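Each remark here refers to the structure printed beneath this line.
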Number of protein chains: 2
Amino acid sequence: MEFSSKLLENAVHEMSQLPGIGKRTALRLVLHLLKQPKERTQELSTAILKLREEVNFCKSCFNISDSEYCEICTNPKRDNSIICVVEDVRDVMAIENTAQFHGKYHVLGGKISPMEGVGPQDLTIQPLIDKVKRGEVKELIFALSSTMEGDTTNFYIYKQLEGIDIKTSTIARGIAVGDELEYADEVTLGRSILNRVPFEHSIKAS
Amino acid sequence: MEFSSKLLENAVHEMSQLPGIGKRTALRLVLHLLKQPKERTQELSTAILKLREEVNFCKSCFNISDSEYCEICTNPKRDNSIICVVEDVRDVMAIENTAQFHGKYHVLGGKISPMEGVGPQDLTIQPLIDKVKRGEVKELIFALSSTMEGDTTNFYIYKQLEGIDIKTSTIARGIAVGDELEYADEVTLGRSILNRVPFEHSIKAS
């Protein structure tokens, strides 16, 4: 791609470093900004800079937060004894949207992935173990994605908890509500049969 | 979408104002920035701000340029007598990539579109007419997209040139090289038959 301006080339280059944004899309976005009032670019630029400079992570659960402890951790109505372990902030938002969970979270900040050079020390696993060892927590729900990395991370934490009296569970895997059986993959369908639930439970849930 | 931080919410909001970027994608992009070193966000932010503040449009062809006149307009090897009229900077880049055009460009900055409130006075049509009237230009190639707005814009410029001795042409519409006839739309296929070219020409071009 030949650019008529270094400034344009530079802006497109920086924009195309974002995940899923190629050179063409980056060019489209940057040209869009040029057609908008200058304030738009200033607002965008300030918003991302301010976030990056001033971002805070909750000292207890490592969720993104504007204060020292996040709104969920400081909410007295939330159950301290049950912690849902998730990969990142988006998972917290997804689970919060269901309004089905009233405990607290622990954001790991990723998954153990030797391929990408992410080890246990790069994640917030130690603070989680410490929290559990302090004895307030009765149950840990693993809600990581069910990939090799997710399973490894779950297992690593599980091993670290050996000898501690705590219940651990993982979120249910199965056929999504509304999905057709014939299009489901075999692993999911297989697990949904192995982990079948009493019919009365399914009536209560719906 | 419920955010745990105002800073995050604001950054996602600003990012999702870009065309084709929804709230979810915006969140993904912003969280990506948070995982990268601070310099990345600073570089991105500076690049778009600098472009927006310091952007220059070539005084002759209205292409984006770092100096008063762009590299194409100041290139003595380019033919002054033939001007290719395009909608925006991306079209200039696309035609330059073909290396088939050695004249100059004129960037309109859009198309006449009453639906979107874009009239002839919002585009750089008057400077184009003035340029033609100064008498250096012998041919105008219309390379706008063949939509209603593109055709309207072509026709508007064509009418403004009435009484001036100048050749006007449009780029050829036809079946793309390598495309199958059976999948082509009727209008394009029809035009490709009406505007057929002598066989010897097609040999020369390839």
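Chain lettering (A, B, ...) mirrors the order of the structure tokens, residue numbering begins at 1 for each chain separately, and ligand numbering begins at 1 in order of display.
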
Practice task
Write out as an MDAnalysis selection string all residues of range 33-134 of chain B that DSSP puts in alpha helix (DSSP H) for this structure's backbone.
Solution key: chainID B and resid 33:35 38:54 71:74 89:98 125:133

Practice task
Report as a VMD selection string the set of chain A residues whose atoms approach chain B to within 7 Å, with distances computed over only C-alpha atoms.
Solution key: chain A and resid 2 4 to 8 10 to 11 14 to 15 18 to 19 29 34 38 41 to 42 44 to 45 47 to 49 51 to 52 64 to 66 71 93

Deliver the residues from the most recent selection as a file, using N, CA and C atoms, as a CSV table (one decimal), in the first residue's frame.
```
chain,number,residue,atom,x,y,z
A,2,GLU,N,0.7,2.1,-1.0
A,2,GLU,CA,1.5,3.3,-1.1
A,2,GLU,C,0.7,4.5,-0.5
A,4,SER,N,0.3,8.6,0.4
A,4,SER,CA,0.7,9.9,-0.1
A,4,SER,C,1.2,10.8,1.0
A,5,SER,N,1.1,10.3,2.2
A,5,SER,CA,1.4,11.1,3.4
A,5,SER,C,2.0,10.2,4.5
A,6,LYS,N,3.1,10.7,5.1
A,6,LYS,CA,3.7,9.9,6.2
A,6,LYS,C,2.8,9.9,7.4
A,7,LEU,N,2.1,11.0,7.7
A,7,LEU,CA,1.2,11.1,8.8
A,7,LEU,C,0.1,10.0,8.7
A,8,LEU,N,-0.4,10.0,7.5
A,8,LEU,CA,-1.5,9.0,7.2
A,8,LEU,C,-1.0,7.6,7.4
A,10,ASN,N,1.5,6.5,9.1
A,10,ASN,CA,1.8,6.2,10.5
A,10,ASN,C,0.5,5.9,11.3
A,11,ALA,N,-0.5,6.7,11.0
A,11,ALA,CA,-1.8,6.5,11.7
A,11,ALA,C,-2.4,5.1,11.3
A,14,GLU,N,-0.4,2.3,13.0
A,14,GLU,CA,-0.7,2.1,14.4
A,14,GLU,C,-2.1,1.5,14.6
A,15,MET,N,-3.0,1.9,13.8
A,15,MET,CA,-4.4,1.4,13.9
A,15,MET,C,-4.4,-0.1,13.6
A,18,LEU,N,-4.0,-3.2,16.0
A,18,LEU,CA,-5.0,-3.7,16.9
A,18,LEU,C,-5.5,-5.1,16.3
A,19,PRO,N,-5.9,-6.0,17.2
A,19,PRO,CA,-6.3,-7.3,16.7
A,19,PRO,C,-7.5,-7.3,15.8
A,29,LEU,N,-10.9,3.4,8.9
A,29,LEU,CA,-11.2,4.1,10.2
A,29,LEU,C,-10.5,5.4,10.3
A,34,LEU,N,-10.9,11.6,9.8
A,34,LEU,CA,-10.6,12.8,9.1
A,34,LEU,C,-11.8,13.6,8.6
A,38,LYS,N,-12.6,17.6,14.6
A,38,LYS,CA,-11.4,17.3,15.3
A,38,LYS,C,-11.7,16.8,16.7
A,41,THR,N,-11.7,12.9,17.3
A,41,THR,CA,-10.4,12.3,17.4
A,41,THR,C,-9.8,12.6,18.7
A,42,GLN,N,-9.9,13.8,19.2
A,42,GLN,CA,-9.4,14.2,20.5
A,42,GLN,C,-10.1,13.3,21.6
A,44,LEU,N,-11.6,10.4,21.4
A,44,LEU,CA,-11.1,9.0,21.3
A,44,LEU,C,-9.7,8.8,21.9
A,45,SER,N,-8.8,9.7,21.4
A,45,SER,CA,-7.5,9.6,21.8
A,45,SER,C,-7.3,9.8,23.4
A,47,ALA,N,-9.7,9.3,25.6
A,47,ALA,CA,-10.3,8.2,26.3
A,47,ALA,C,-9.4,7.0,26.5
A,48,ILE,N,-8.7,6.6,25.4
A,48,ILE,CA,-7.9,5.4,25.5
A,48,ILE,C,-6.6,5.7,26.3
A,49,LEU,N,-6.1,6.9,26.1
A,49,LEU,CA,-4.9,7.3,26.9
A,49,LEU,C,-5.2,7.3,28.4
A,51,LEU,N,-7.6,5.8,30.0
A,51,LEU,CA,-7.8,4.5,30.5
A,51,LEU,C,-6.5,3.8,30.8
A,52,ARG,N,-5.6,3.9,29.8
A,52,ARG,CA,-4.4,3.2,29.9
A,52,ARG,C,-3.5,3.7,31.0
A,64,ILE,N,-11.3,-4.8,36.4
A,64,ILE,CA,-11.0,-3.4,36.1
A,64,ILE,C,-11.9,-2.6,37.0
A,65,SER,N,-11.4,-1.6,37.6
A,65,SER,CA,-12.2,-0.8,38.6
A,65,SER,C,-11.6,0.6,38.6
A,66,ASP,N,-12.5,1.6,39.0
A,66,ASP,CA,-12.0,3.0,39.1
A,66,ASP,C,-11.5,3.2,40.5
A,71,GLU,N,-16.8,-2.6,42.5
A,71,GLU,CA,-18.2,-2.5,43.0
A,71,GLU,C,-18.7,-3.8,43.5
A,93,MET,N,-18.4,-9.6,32.8
A,93,MET,CA,-19.5,-8.8,32.3
A,93,MET,C,-20.6,-9.8,31.7
```

Practice task
Give the strand (DSSP E or B) residues of chain A, as DSSP finds them on the backbone, and put them as a list in words.
Solution key: Asn56, Phe57, Ile64, Ser65, Ile82, Ile83, Cys84, Val85, Val86, Lys104, Tyr105, His106, Val107, Ser113, Val118, Glu139, Leu140, Ile141, Phe142, Lys167, Thr168, Ser169 and Thr170 of chain A

Fill in the blank from the handout: Min atom-atom distance to Lys138 in chain A from the set A:Leu123, A:Val177, A:Ile164, A:Cys73, counting only C-alpha atoms, belongs to A:Ile164

Exercise for the section: Measuring atom to atom with only C-alpha atoms, identify which of A:Ser192, A:Glu149, A:Gly135, A:Gln160 is nearest to Ser113 in chain A. Expected result: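 Looking at the shortest contact to Ser113 in chain A, the residue is A:Glu149.
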
Exercise for the section: Show which residues sit within 12 Å of Ile193 in chain B, as a list of chain:residue names. Count only C-alpha atoms, and ignore same-chain residues fewer than 5 positions away. Expected result: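 Near neighbours after the sequence-gap exclusion: B:Ala172, B:Arg173, B:Gly174, B:Ile175, B:Leu181, B:Glu186, B:Val187, B:Thr188, B:Pro198.
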
Written file, previous selection with N, CA, C and O atoms, as a PDB file, in the first residue's frame:
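Result file result-v7.pdb:
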```
ATOM      1  N   ALA B 172     -13.831   1.646 -17.758  1.00  0.00           N
ATOM      2  CA  ALA B 172     -14.619   0.571 -18.363  1.00  0.00           C
ATOM      3  C   ALA B 172     -15.296  -0.270 -17.280  1.00  0.00           C
ATOM      4  O   ALA B 172     -14.686  -0.599 -16.262  1.00  0.00           O
ATOM      5  N   ARG B 173     -16.573  -0.569 -17.519  1.00  0.00           N
ATOM      6  CA  ARG B 173     -17.294  -1.508 -16.653  1.00  0.00           C
ATOM      7  C   ARG B 173     -17.359  -2.829 -17.404  1.00  0.00           C
ATOM      8  O   ARG B 173     -17.616  -2.847 -18.603  1.00  0.00           O
ATOM      9  N   GLY B 174     -17.161  -3.909 -16.721  1.00  0.00           N
ATOM     10  CA  GLY B 174     -17.238  -5.191 -17.405  1.00  0.00           C
ATOM     11  C   GLY B 174     -16.975  -6.322 -16.435  1.00  0.00           C
ATOM     12  O   GLY B 174     -16.954  -6.126 -15.222  1.00  0.00           O
ATOM     13  N   ILE B 175     -16.791  -7.495 -16.984  1.00  0.00           N
ATOM     14  CA  ILE B 175     -16.543  -8.675 -16.148  1.00  0.00           C
ATOM     15  C   ILE B 175     -15.102  -8.599 -15.644  1.00  0.00           C
ATOM     16  O   ILE B 175     -14.183  -8.377 -16.414  1.00  0.00           O
ATOM     17  N   LEU B 181     -18.533 -15.952 -16.181  1.00  0.00           N
ATOM     18  CA  LEU B 181     -19.685 -15.213 -16.718  1.00  0.00           C
ATOM     19  C   LEU B 181     -20.966 -15.539 -15.972  1.00  0.00           C
ATOM     20  O   LEU B 181     -21.785 -14.667 -15.708  1.00  0.00           O
ATOM     21  N   GLU B 186     -26.532  -9.113 -14.478  1.00  0.00           N
ATOM     22  CA  GLU B 186     -26.948  -8.853 -15.868  1.00  0.00           C
ATOM     23  C   GLU B 186     -26.480  -7.485 -16.363  1.00  0.00           C
ATOM     24  O   GLU B 186     -26.117  -7.326 -17.512  1.00  0.00           O
ATOM     25  N   VAL B 187     -26.542  -6.477 -15.480  1.00  0.00           N
ATOM     26  CA  VAL B 187     -26.199  -5.123 -15.924  1.00  0.00           C
ATOM     27  C   VAL B 187     -24.736  -5.081 -16.374  1.00  0.00           C
ATOM     28  O   VAL B 187     -24.419  -4.581 -17.457  1.00  0.00           O
ATOM     29  N   THR B 188     -23.869  -5.651 -15.548  1.00  0.00           N
ATOM     30  CA  THR B 188     -22.440  -5.649 -15.879  1.00  0.00           C
ATOM     31  C   THR B 188     -22.191  -6.447 -17.153  1.00  0.00           C
ATOM     32  O   THR B 188     -21.490  -5.994 -18.067  1.00  0.00           O
ATOM     33  N   PRO B 198     -12.092  -4.278 -29.482  1.00  0.00           N
ATOM     34  CA  PRO B 198     -11.463  -5.093 -30.524  1.00  0.00           C
ATOM     35  C   PRO B 198     -10.494  -6.093 -29.897  1.00  0.00           C
ATOM     36  O   PRO B 198      -9.786  -5.760 -28.946  1.00  0.00           O
TER      37      PRO B 198
END
```

Do a neighbour search on Ile83 in chain A at 10 Å with only C-alpha atoms, toss out local chain neighbours closer than 4 positions, and write the hits as a JSON list (two decimals) with C-alpha atoms, in the first residue's frame.
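File written: around21.json
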```json
[["chain", "number", "residue", "atom", "x", "y", "z"],
["A", 61, "CYS", "CA", -10.53, -9.78, 42.38],
["A", 79, "ASP", "CA", -21.68, -13.81, 48.81],
["A", 101, "PHE", "CA", -24.52, -15.42, 40.11],
["A", 102, "HIS", "CA", -24.39, -13.63, 43.44],
["A", 103, "GLY", "CA", -20.92, -14.54, 44.65],
["A", 104, "LYS", "CA", -17.66, -12.81, 43.83],
["A", 105, "TYR", "CA", -15.16, -13.16, 40.99],
["A", 106, "HIS", "CA", -11.48, -13.72, 40.54],
["A", 128, "LEU", "CA", -6.42, -16.58, 44.61],
["A", 132, "VAL", "CA", -8.72, -19.41, 49.69],
["A", 137, "VAL", "CA", -14.12, -19.23, 50.54],
["A", 138, "LYS", "CA", -16.25, -22.38, 50.50],
["A", 139, "GLU", "CA", -16.62, -22.97, 46.75],
["A", 140, "LEU", "CA", -14.59, -22.15, 43.64],
["A", 141, "ILE", "CA", -16.36, -22.24, 40.28],
["A", 142, "PHE", "CA", -14.01, -22.61, 37.32],
["A", 168, "THR", "CA", -14.57, -26.90, 43.36]]
```

Practice task
Quick one: everything within 12 Å of Met115 in chain B, counting only C-alpha atoms, minus sequence neighbours fewer than 3 positions away in the same chain. Send it as a ChimeraX atom specification.
Solution key: /B:111-112,118-119,148-149

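With only C-alpha atoms taken into account, the protein and nucleic acid residues at most 6 Å from Thr124 in chain B (excluding it and anything under 2 positions from it in its own chain) are B:Leu108, B:Gln126, B:Pro127.
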
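What separates CA of Ala176 in chain A from CA of Leu189 in chain A is a distance of 10.1 Å.
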
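Counting only C-alpha atoms and comparing B:Glu136, B:Ile166, B:Val85, B:Glu180, the residue that lies closest to Gly150 in chain B is B:Val85.
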
Practice task
Enter the distance from CA of Pro114 in chain B to CA of Thr152 in chain B, in Å, rounded to one decimal.
Solution key: 10.2 Å

Exercise for the section: Just give me the gap between CA of Val197 in chain A and CA of Ile171 in chain A in Å, one decimal is fine. Expected result: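 Atom-to-atom, CA of Val197 in chain A to CA of Ile171 in chain A, that is 13.3 Å.
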